[in-house]
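Enquirer: Got a structure for you, protein.cif, holding mmCIF, C-alpha atoms.
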```cif
data_data
#
loop_
_atom_site.label_atom_id
_atom_site.label_comp_id
_atom_site.auth_asym_id
_atom_site.auth_seq_id
_atom_site.Cartn_x
_atom_site.Cartn_y
_atom_site.Cartn_z
CA ILE A 1 0.00 0.00 0.00
CA ASP A 2 1.42 3.34 -0.99
CA TYR A 3 0.82 5.74 1.87
CA LEU A 4 2.13 8.96 3.27
CA ILE A 5 1.63 10.28 6.77
CA TYR A 6 2.29 13.94 7.43
CA ARG A 7 3.33 15.19 10.85
CA LEU A 8 2.63 18.89 10.80
CA GLN A 9 4.35 21.24 13.18
CA ASN A 10 2.79 24.58 14.24
CA VAL A 11 1.12 25.68 11.01
CA TYR A 12 0.38 29.39 10.74
CA GLY A 13 -0.65 31.91 8.14
CA PRO A 14 -3.54 33.88 6.66
CA LYS A 15 -7.06 32.59 7.25
CA GLN A 16 -6.16 30.70 10.41
CA GLU A 17 -8.75 30.70 13.16
CA LEU A 18 -8.19 33.67 15.46
CA ASN A 19 -10.71 32.77 18.15
CA ASN A 20 -9.98 29.11 18.88
CA PRO A 21 -7.79 28.29 21.91
CA TYR A 22 -6.49 25.15 20.20
CA THR A 23 -5.10 26.78 17.09
CA ASN A 24 -1.65 28.21 16.67
CA ILE A 25 -0.20 30.27 19.50
CA LEU A 26 0.75 32.95 16.98
CA SER A 27 -2.92 34.02 16.86
CA ALA A 28 -3.17 34.19 20.63
CA PHE A 29 -0.01 36.28 20.99
CA THR A 30 -0.97 38.60 18.12
CA ASN A 31 -4.45 39.10 19.54
CA SER A 32 -3.00 39.81 22.97
CA ILE A 33 -0.60 42.41 21.58
CA PHE A 34 -3.26 44.18 19.47
CA CYS A 35 -5.94 44.05 22.16
CA ARG A 36 -3.44 45.23 24.81
CA ASN A 37 -4.08 42.10 26.84
CA GLU A 38 -1.39 40.22 28.67
CA ALA A 39 0.32 37.49 26.65
CA GLU A 40 0.81 34.55 29.00
CA LEU A 41 3.96 32.52 28.45
CA PHE A 42 3.90 29.14 30.17
CA GLU A 43 6.81 27.80 32.19
CA ASP A 44 9.69 30.25 31.79
CA GLY A 45 8.81 31.33 28.24
CA ASN A 46 11.80 29.45 26.83
CA MET A 47 9.89 26.47 25.48
CA THR A 48 10.55 26.10 21.77
CA ARG A 49 8.27 25.38 18.86
CA ASP A 50 8.76 24.77 15.15
CA PHE A 51 6.55 27.06 13.04
CA VAL A 52 5.77 26.28 9.41
CA TYR A 53 3.97 28.58 7.00
CA VAL A 54 0.66 27.29 5.63
CA GLU A 55 1.70 27.68 1.98
CA ASP A 56 4.75 25.49 2.61
CA VAL A 57 2.46 22.78 3.99
CA ALA A 58 0.01 23.07 1.08
CA ASP A 59 2.83 23.04 -1.47
CA THR A 60 4.36 19.91 0.06
CA ILE A 61 1.04 18.07 0.11
CA VAL A 62 0.31 18.96 -3.53
CA LYS A 63 3.82 17.88 -4.60
CA SER A 64 3.42 14.57 -2.78
CA ILE A 65 0.12 13.87 -4.58
CA TYR A 66 1.85 14.16 -7.94
CA CYS A 67 5.09 12.47 -6.88
CA LYS A 68 5.98 9.58 -9.20
CA ASN A 69 8.03 7.78 -6.53
CA SER A 70 6.43 5.69 -3.83
CA LEU A 71 6.82 7.70 -0.66
CA ALA A 72 5.38 5.07 1.75
CA LYS A 73 6.59 6.80 4.88
CA ILE A 74 6.04 9.43 7.52
CA ILE A 75 7.18 12.94 6.65
CA ASN A 76 7.55 15.80 9.11
CA ILE A 77 6.46 19.12 7.68
CA GLY A 78 8.06 21.91 9.64
CA SER A 79 10.82 24.44 9.29
CA GLY A 80 13.33 22.24 11.08
CA GLU A 81 14.13 25.16 13.37
CA SER A 82 12.75 26.10 16.74
CA VAL A 83 12.03 29.45 18.31
CA THR A 84 11.31 30.20 21.95
CA LEU A 85 7.95 31.66 22.81
CA LYS A 86 9.76 34.73 24.17
CA GLU A 87 11.44 35.17 20.78
CA LEU A 88 8.11 34.74 19.00
CA VAL A 89 6.44 37.50 21.05
CA LYS A 90 9.46 39.74 20.51
CA LEU A 91 9.30 39.19 16.74
CA ILE A 92 5.56 39.97 16.59
CA SER A 93 6.22 43.08 18.65
CA LEU A 94 9.03 44.17 16.33
CA LEU A 95 6.92 43.65 13.20
CA THR A 96 3.87 45.43 14.62
CA ASN A 97 5.77 48.17 16.42
CA LYS A 98 3.64 47.43 19.48
CA GLU A 99 5.02 46.76 22.94
CA PRO A 100 3.62 43.51 24.35
CA ARG A 101 2.44 42.98 27.89
CA VAL A 102 3.96 39.65 28.84
CA LYS A 103 3.38 37.47 31.86
CA ILE A 104 5.68 34.52 32.42
CA SER A 105 3.33 32.42 34.51
CA GLY A 106 5.37 29.36 35.40
CA ARG A 107 2.27 27.30 34.60
CA PHE A 108 2.41 24.30 32.31
CA ARG A 109 -0.04 22.11 30.49
CA ILE A 110 -0.03 18.42 31.34
CA GLY A 111 1.32 16.46 28.39
CA ASP A 112 2.90 19.52 26.77
CA ILE A 113 6.46 19.15 25.56
CA ARG A 114 9.28 21.54 26.36
CA ASN A 115 10.98 21.70 22.96
CA ALA A 116 9.87 20.89 19.44
CA ALA A 117 11.68 21.01 16.14
CA ALA A 118 10.92 18.71 13.22
CA ASN A 119 13.57 16.63 11.57
CA VAL A 120 12.97 17.63 7.94
CA ASP A 121 15.74 15.53 6.37
CA ARG A 122 13.24 13.12 4.75
CA LEU A 123 11.18 16.05 3.48
CA LYS A 124 14.21 17.66 1.84
CA LYS A 125 15.37 14.31 0.41
CA ASN A 126 11.99 13.58 -1.20
CA PHE A 127 11.44 17.15 -2.39
CA PRO A 128 14.83 18.55 -3.46
CA GLY A 129 15.04 22.31 -3.20
CA TRP A 130 12.32 22.45 -0.54
CA THR A 131 12.95 25.43 1.68
CA PRO A 132 10.59 26.70 4.36
CA THR A 133 9.41 30.30 4.46
CA CYS A 134 11.51 32.32 6.90
CA LEU A 135 9.53 32.91 10.13
CA LYS A 136 9.86 36.70 9.86
CA ASN A 137 8.52 36.71 6.27
CA GLY A 138 5.70 34.33 7.15
CA ILE A 139 4.63 36.41 10.13
CA GLU A 140 4.69 39.55 7.96
CA LYS A 141 2.30 37.83 5.51
CA PHE A 142 0.11 36.70 8.41
CA LEU A 143 0.04 40.22 9.87
CA ASN A 144 -0.90 41.77 6.50
CA TRP A 145 -3.93 39.48 6.49
CA TYR A 146 -4.62 39.88 10.23
CA LEU A 147 -4.78 43.67 10.06
CA ASN A 148 -7.73 43.43 7.66
CA GLN A 149 -9.83 41.21 9.94
CA ASP A 150 -12.78 42.20 12.09
CA LEU A 151 -11.56 41.54 15.63
CA SER A 152 -14.70 42.78 17.37
CA HIS A 153 -15.79 39.20 18.09
CA TYR A 154 -12.44 38.15 19.50
CA LYS A 155 -12.58 36.54 22.94
CA ASP A 156 -10.04 37.70 25.47
CA PRO A 157 -7.21 35.19 26.05
CA GLY A 158 -8.43 34.54 29.58
CA SER A 159 -11.70 33.04 28.32
CA ALA A 160 -9.83 30.86 25.82
CA MET A 161 -7.57 29.57 28.62
CA LYS A 162 -10.61 28.85 30.80
CA GLU A 163 -12.15 26.88 27.95
CA MET A 164 -8.97 24.82 27.48
CA LYS A 165 -8.68 24.17 31.22
CA LYS A 166 -12.33 23.09 31.47
CA LYS A 167 -11.90 20.55 28.66
#
```
Using the file provided, produce a representation of the structure as structure tokens.

Expert:
Amino acid sequence: IDYLIYRLQNVYGPKQELNNPYTNILSAFTNSIFCRNEAELFEDGNMTRDFVYVEDVADTIVKSIYCKNSLAKIINIGSGESVTLKELVKLISLLTNKEPRVKISGRFRIGDIRNAAANVDRLKKNFPGWTPTCLKNGIEKFLNWYLNQDLSHYKDPGSAMKEMKKK
């Protein structure tokens, strides 16, 4: 059986859900910065995540559909690089020219991992020339889209956290 399993890292980009506590943390941090709410960083804020731009994911999936070779494997789709949550907030702040209100809470979510970065060697081997969008460029594209959204229905981050905790 020819199969392919994708393991997606933290996918972000235009049209992502801005009001769902389970979607990418980039939305939560951006909303916090623009709504002047406190951005809560769990643990010490130095946990790392691998962020991959949505167009990179879509492009990889389309290429794999038309791939002549049998892939029959698991492929990680990520950037292969990690960024701390502190660095992520700092980058959003830099690109928006808005000073964030940050709270390093020391809290953690049961089952959450400390560090994440995909091994993208298999991805690059199967799709020569594959290069992920640079995080700064991807966030700029996301922000260009974000700034044209109606945020009047946005829930404050506290209510999203309560919802996650309840479930």

Enquirer: Write out as a ChimeraX atom specification each polymer residue whose atoms come within 9 Å of range 89-101 of chain A, counting all atoms listed in the file; drop sequence neighbours fewer than 3 positions from it.

Expert: /A:26,29-30,32-34,36-40,84-86,136,139-140,143

Enquirer: Counting all atoms listed in the file, which of A:Ile65, A:Ile77, A:Ala28, A:Val54 gets nearest to Ala118 in chain A?

Expert: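 Counting all atoms listed in the file, the residue closest to Ala118 in chain A is A:Ile77.
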
Enquirer: I would like the residues chosen by the PyMOL selection byres ((chain A and resi 59-63) around 9) on the shown file; could you give them as a PyMOL selection string?

Expert: chain A and resi 6+54-58+64-67+77+123+127+130

Enquirer: Would you list the contacts of Asp121 in chain A as a PyMOL selection string, taking every protein, DNA or RNA residue within 9 Å and counting all atoms listed in the file, but skipping same-chain residues closer than 2 positions in sequence?

Expert: chain A and resi 75-76+80+118-119+123-126

Enquirer: Counting all atoms listed in the file, which residue out of A:Tyr53, A:Val83, A:Lys103, A:Ile113 sits closest to Cys134 in chain A?

Expert: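 Looking only at the distances to Cys134 in chain A, the closest residue turns out to be A:Tyr53.
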
Enquirer: Quick one: residues within 9 Å of Lys141 in chain A, all atoms listed in the file, excluding same-chain residues fewer than 5 positions away - as a PyMOL selection string?

Expert: chain A and resi 13-14+136+146

Enquirer: Taking C-alpha atoms for each residue, export the selection above as a PDB file, keeping the file's coordinate frame.

Expert:
```
ATOM      1  CA  GLY A  13      -0.650  31.910   8.140  1.00  0.00           C
ATOM      2  CA  PRO A  14      -3.540  33.880   6.660  1.00  0.00           C
ATOM      3  CA  LYS A 136       9.860  36.700   9.860  1.00  0.00           C
ATOM      4  CA  TYR A 146      -4.620  39.880  10.230  1.00  0.00           C
TER       5      TYR A 146
END
```

Enquirer: If you measure from CA of Val102 in chain A to CA of Leu88 in chain A, what distance in Å do you get, rounded to one decimal?

Expert: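 Pair CA of Val102 in chain A / CA of Leu88 in chain A returns 11.8 Å.
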
Enquirer: Please report the interatomic distance between CA of Arg49 in chain A and CA of Asn148 in chain A in Å with one decimal.

Expert: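 Separation between CA of Arg49 in chain A and CA of Asn148 in chain A: 26.6 Å.
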
Enquirer: Let me make sure I understand: among A:Asn137, A:Ser105, A:Asn115, A:Ser27, which one has the smallest atom-to-atom distance to Tyr12 in chain A if we use all atoms listed in the file?

Expert: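 Ranking A:Asn137, A:Ser105, A:Asn115, A:Ser27 by distance to Tyr12 in chain A, first place goes to A:Ser27.
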
Enquirer: Could you tell me how far CA of Gln9 in chain A lies from CA of Asn46 in chain A, in Å and to one decimal?

Expert: 17.6 Å

Enquirer: Which residue out of A:Trp145, A:Ile74, A:Leu135, A:Leu151 has the minimum interatomic distance to Ile5 in chain A when all atoms listed in the file are used?

Expert: A:Ile74

Enquirer: Would you kindly return, as a ChimeraX atom specification, each protein, DNA or RNA residue with an atom no farther than 6 Å from any atom of Phe42 in chain A, considering only C-alpha atoms and excluding same-chain residues fewer than 3 positions away?

Expert: /A:45,105-108

Enquirer: Tell me which of A:Asn144, A:Val11, A:Glu87, A:Lys68 sits closest to Met47 in chain A, counting all atoms listed in the file.

Expert: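 Counting all atoms listed in the file, the residue closest to Met47 in chain A is A:Glu87.
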
Enquirer: Assuming 4 Å of padding per side, give the centre and edge lengths of the axis-aligned box around every listed atom of range 82-90 of chain A, in Å to one decimal and as JSON.

Expert:
```
{"center_x": 9.6, "center_y": 32.9, "center_z": 20.5, "size_x": 14.3, "size_y": 21.6, "size_z": 15.4}
```
